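Raw contents of target-v2.txt, compact mmCIF, C-alpha atoms:
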# COMPACT_ATOMS: atom_id res chain seq x y z
CA GLY L 17 46.05 -42.97 -39.04
CA VAL L 18 42.96 -41.24 -40.34
CA ALA L 19 40.79 -41.82 -43.40
CA ASN L 20 38.18 -39.82 -45.30
CA GLY L 21 35.60 -42.53 -44.71
CA SER L 22 34.59 -44.77 -41.81
CA ASP L 23 34.35 -47.96 -43.89
CA HIS L 24 37.98 -48.97 -44.38
CA SER L 25 36.97 -51.76 -46.74
CA ALA L 26 35.66 -49.12 -49.19
CA ALA L 27 37.72 -46.75 -51.34
CA VAL L 28 39.33 -44.29 -48.92
CA SER L 29 42.18 -41.82 -48.77
CA THR L 30 44.42 -42.10 -45.71
CA ALA L 31 47.00 -40.11 -43.77
CA PHE L 32 49.42 -41.48 -41.19
CA LEU L 33 51.84 -40.14 -38.65
CA SER L 34 54.48 -42.62 -37.54
CA VAL L 35 57.75 -42.48 -35.64
CA SER L 36 60.66 -44.91 -35.89
CA ALA L 37 64.22 -44.92 -34.59
CA THR L 38 65.36 -42.98 -37.69
CA GLU L 39 62.49 -40.66 -38.69
CA ALA L 40 59.13 -39.10 -37.94
CA ARG L 41 56.93 -39.59 -41.02
CA LEU L 42 53.74 -37.90 -42.17
CA SER L 43 52.34 -39.68 -45.20
CA THR L 44 49.26 -39.93 -47.37
CA ASN L 45 48.08 -43.04 -49.16
CA GLN L 46 45.04 -44.73 -50.58
CA ALA L 47 43.18 -47.92 -49.83
CA ASN L 48 40.86 -49.98 -52.01
CA GLY L 49 41.05 -47.60 -54.97
CA GLY L 50 40.59 -44.40 -52.98
CA ALA L 51 42.01 -41.13 -54.30
CA LEU L 52 45.67 -40.36 -53.68
CA LEU L 53 45.38 -36.86 -52.19
CA PRO L 54 48.04 -34.14 -51.96
CA LEU L 55 49.62 -33.40 -48.61
CA THR L 56 48.81 -29.83 -47.62
CA ILE L 57 49.95 -27.72 -44.69
CA HIS L 58 47.68 -24.97 -43.37
CA THR L 59 48.40 -22.12 -40.96
CA GLY L 60 46.06 -19.31 -39.99
CA GLY L 61 43.23 -21.13 -41.77
CA LEU L 62 45.00 -20.94 -45.16
CA GLU L 63 46.87 -23.49 -47.22
CA ARG L 64 50.59 -22.59 -47.20
CA LEU L 65 52.30 -25.65 -48.72
CA ARG L 66 51.19 -28.45 -51.06
CA ILE L 67 53.02 -31.64 -52.10
CA ASP L 68 51.61 -33.36 -55.18
CA PRO L 69 51.36 -37.14 -54.57
CA THR L 70 52.01 -38.08 -58.21
CA THR L 71 54.85 -35.78 -59.25
CA GLY L 72 56.36 -34.95 -55.86
CA ASN L 73 56.30 -31.25 -56.78
CA VAL L 74 56.31 -28.92 -53.78
CA LEU L 75 54.31 -25.71 -54.12
CA VAL L 76 54.40 -22.78 -51.72
CA THR L 77 50.85 -21.42 -51.75
CA GLY L 78 49.02 -18.51 -50.19
CA GLY L 79 51.55 -15.88 -51.30
CA GLY L 80 54.35 -17.17 -49.10
CA ALA L 81 58.05 -17.29 -49.90
CA LEU L 82 60.46 -20.19 -49.97
CA GLY L 83 63.99 -19.74 -48.64
CA TYR L 84 66.33 -19.86 -45.70
CA GLY L 85 65.23 -18.57 -42.31
CA ALA L 86 67.00 -16.33 -39.82
CA GLY L 87 70.28 -17.83 -38.64
CA ALA L 88 70.91 -19.94 -41.76
CA GLY L 89 73.27 -17.45 -43.40
CA GLY L 90 76.33 -15.46 -42.57
CA THR L 91 78.70 -12.74 -43.71
CA VAL L 92 82.36 -12.99 -44.66
CA THR L 93 84.72 -10.11 -45.49
CA GLN L 94 87.38 -10.48 -48.15
CA ALA L 95 90.89 -9.48 -47.04
CA THR L 96 93.86 -8.11 -49.03
CA SER L 97 92.41 -7.86 -52.59
CA LYS L 98 89.36 -8.57 -54.76
CA SER L 99 90.92 -11.90 -55.82
CA THR L 100 91.48 -13.18 -52.27
CA PRO L 101 89.48 -16.39 -51.53
CA VAL L 102 86.82 -16.35 -48.82
CA THR L 103 85.43 -19.20 -46.73
CA MET L 104 81.91 -19.53 -45.37
CA ASN L 105 80.20 -22.88 -44.75
CA LYS L 106 76.60 -21.63 -44.77
CA PRO L 107 73.86 -22.19 -47.40
CA CYS L 108 73.38 -18.45 -47.95
CA GLY L 109 74.85 -15.13 -46.99
CA ARG L 110 76.82 -12.11 -48.03
CA ILE L 111 80.39 -11.64 -49.17
CA ILE L 112 81.87 -8.19 -48.52
CA MET L 113 84.58 -7.75 -51.13
CA ASN L 114 87.81 -5.83 -50.64
CA ASN L 115 87.59 -2.19 -51.75
CA ALA L 116 90.50 -2.41 -54.23
CA THR L 117 90.07 -0.62 -57.57
CA LEU L 118 88.49 -2.49 -60.48
CA ASN L 119 88.91 -0.65 -63.78
CA SER L 120 85.99 -0.08 -66.16
CA GLY L 121 85.44 -3.28 -68.13
CA GLY L 122 87.84 -5.17 -65.88
CA SER L 123 87.07 -8.56 -64.32
CA VAL L 124 88.39 -10.39 -61.29
CA THR L 125 87.71 -13.89 -59.95
CA PHE L 126 87.87 -15.25 -56.44
CA ASP L 127 86.97 -18.54 -54.79
CA LEU L 128 84.12 -19.02 -52.34
CA ASN L 129 85.20 -22.03 -50.27
CA ASN L 130 82.08 -23.66 -48.86
CA THR L 131 81.74 -27.31 -47.85
CA LEU L 132 78.04 -27.23 -48.80
CA ILE L 133 78.81 -26.69 -52.52
CA ASN L 134 78.94 -29.95 -54.48
CA PRO L 135 80.28 -31.90 -51.52
CA LEU L 136 80.93 -34.95 -53.71
CA GLY L 137 82.44 -32.98 -56.57
CA ILE L 138 79.42 -33.79 -58.74
CA ALA L 139 77.69 -30.93 -60.57
CA GLU L 140 74.47 -31.17 -58.60
CA ASP L 141 74.02 -27.80 -56.90
CA VAL L 142 73.00 -24.35 -58.12
CA LEU L 143 74.71 -21.28 -56.72
CA ILE L 144 72.92 -17.97 -57.14
CA VAL L 145 74.99 -14.79 -56.79
CA ALA L 146 73.96 -11.15 -57.15
CA PRO L 147 75.36 -7.73 -56.25
CA TYR L 148 73.57 -6.56 -53.12
CA ASN L 149 74.50 -2.89 -52.94
CA ASN L 150 75.54 -1.79 -56.44
CA THR L 151 74.47 -2.21 -60.06
CA GLY L 152 77.82 -1.15 -61.55
CA TYR L 153 78.95 -4.78 -61.49
CA ARG L 154 78.02 -8.05 -63.17
CA VAL L 155 78.46 -10.98 -60.79
CA GLU L 156 78.39 -14.58 -62.03
CA VAL L 157 79.50 -18.07 -61.13
CA ALA L 158 82.49 -18.93 -63.34
CA SER L 159 82.80 -22.55 -62.16
CA MET L 160 81.91 -24.90 -59.33
CA PHE L 161 83.86 -27.82 -57.92
CA GLY L 162 83.84 -29.95 -54.76
CA GLY L 163 83.61 -27.57 -51.82
CA ALA L 164 84.07 -24.31 -53.73
CA ALA L 165 82.89 -21.99 -56.48
CA ARG L 166 84.81 -19.45 -58.53
CA ILE L 167 82.94 -16.14 -58.74
CA ARG L 168 83.65 -13.58 -61.48
CA VAL L 169 83.00 -9.88 -60.89
CA THR L 170 83.06 -7.49 -63.87
CA ASN L 171 82.93 -3.70 -63.68
CA VAL L 172 80.22 -2.70 -66.20
CA ASN L 173 80.30 0.94 -65.13
CA GLY L 174 81.96 3.54 -67.36
CA ALA L 175 84.59 4.35 -64.75
CA ALA L 176 86.92 2.60 -62.31
CA LEU L 177 85.22 1.58 -59.07
CA SER L 178 86.86 1.28 -55.66
CA GLU L 179 84.32 0.00 -53.21
CA ALA L 180 83.56 -2.93 -50.99
CA LEU L 181 80.97 -4.59 -53.22
CA VAL L 182 78.56 -6.81 -51.27
CA ILE L 183 77.51 -10.03 -53.01
CA SER L 184 74.49 -12.04 -51.87
CA PHE L 185 74.56 -15.80 -52.47
CA ALA L 186 72.34 -18.83 -51.97
CA ILE L 187 72.97 -22.52 -52.61
CA ILE L 188 70.15 -24.66 -53.96
CA LYS L 189 70.83 -28.36 -53.45
CA GLY L 190 70.11 -30.66 -56.37
CA VAL L 191 70.84 -34.11 -57.77
CA GLN L 192 71.42 -35.44 -61.26
CA SER L 193 68.94 -38.31 -61.09
Once you've parsed the file, please lay out its structure as structure tokens.
Amino acid sequence: GVANGSDHSAAVSTAFLSVSATEARLSTNQANGGALLPLTIHTGGLERLRIDPTTGNVLVTGGGALGYGAGAGGTVTQATSKSTPVTMNKPCGRIIMNNATLNSGGSVTFDLNNTLINPLGIAEDVLIVAPYNNTGYRVEVASMFGGAARIRVTNVNGAALSEALVISFAIIKGVQS
């Protein structure tokens, strides 16, 4: 461990790196009334990530983005019709819908089967969906249940559309307590 002072009997802030049989842990703490400091990660001489020691809030700093890296996602193509279920067990990706006609004002639903969605059947996750290649559609999550989500696609264009709409999605894991 390291401390921000050489006298460990005085008020100091500390950081430790430890390894056990089940985890590698980087932690901050305080001793003798020292300040509880945030954990920050720096690259290229700039702070890129900060974890607040009191609230546990995680902040991406330095203009970076937060998301899934290359290889985390995938693509699945819908067969037969726009209501045909698709299966992809990835946290993010693209769904290429069937190119069947959807009349102006018409809606269709289909299931995205994905074992990463609410694996316990508890409403704890957030699924974000958006049309990737067209603005003539409204795409929304109609419902979520253990291992799947029902996605509703509505044609908001003034005419019938017959195209293979591409939908981007991302799962954000969450808990109720």
Please provide as JSON, numbers by chain all residues within 12 Å of Ile133 (chain L), with the sequence filter that same-chain residues fewer than 4 positions apart are discarded (counting only C-alpha atoms).
-> {"L": [103, 104, 105, 106, 107, 108, 127, 128, 129, 137, 138, 139, 140, 141, 142, 143, 144, 159, 160, 161, 162, 163, 164, 165, 166, 185, 186, 187, 188, 189, 190]}
Keeping only C-alpha atoms, take the residues you just selected and write them out as a tab-separated table (two decimals), in the coordinates of the input.
chain	number	residue	atom	x	y	z
L	103	THR	CA	85.43	-19.20	-46.73
L	104	MET	CA	81.91	-19.53	-45.37
L	105	ASN	CA	80.20	-22.88	-44.75
L	106	LYS	CA	76.60	-21.63	-44.77
L	107	PRO	CA	73.86	-22.19	-47.40
L	108	CYS	CA	73.38	-18.45	-47.95
L	127	ASP	CA	86.97	-18.54	-54.79
L	128	LEU	CA	84.12	-19.02	-52.34
L	129	ASN	CA	85.20	-22.03	-50.27
L	137	GLY	CA	82.44	-32.98	-56.57
L	138	ILE	CA	79.42	-33.79	-58.74
L	139	ALA	CA	77.69	-30.93	-60.57
L	140	GLU	CA	74.47	-31.17	-58.60
L	141	ASP	CA	74.02	-27.80	-56.90
L	142	VAL	CA	73.00	-24.35	-58.12
L	143	LEU	CA	74.71	-21.28	-56.72
L	144	ILE	CA	72.92	-17.97	-57.14
L	159	SER	CA	82.80	-22.55	-62.16
L	160	MET	CA	81.91	-24.90	-59.33
L	161	PHE	CA	83.86	-27.82	-57.92
L	162	GLY	CA	83.84	-29.95	-54.76
L	163	GLY	CA	83.61	-27.57	-51.82
L	164	ALA	CA	84.07	-24.31	-53.73
L	165	ALA	CA	82.89	-21.99	-56.48
L	166	ARG	CA	84.81	-19.45	-58.53
L	185	PHE	CA	74.56	-15.80	-52.47
L	186	ALA	CA	72.34	-18.83	-51.97
L	187	ILE	CA	72.97	-22.52	-52.61
L	188	ILE	CA	70.15	-24.66	-53.96
L	189	LYS	CA	70.83	-28.36	-53.45
L	190	GLY	CA	70.11	-30.66	-56.37
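If you measure from each of L:Thr91, L:Thr38, L:Thr100, L:Asn114 to Ser184 (chain L) using all atoms listed in the file, the closest one turns out to be L:Thr91.
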Considering only C-alpha atoms, return as a VMD selection string whatever protein or nucleic-acid residues lie within 9 Å of region 47-52 of chain L, sequence-local ones (same chain, fewer than 4 positions apart) excluded.
-> chain L and resid 24 to 30 69 to 70
re CA of Ile167 (chain L) and CA of Ser99 (chain L): distance 9.5 Å
Please indicate the distance in Å from CA of Leu118 (chain L) to CA of Asn149 (chain L), rounded to one decimal place.
-> 15.9 Å
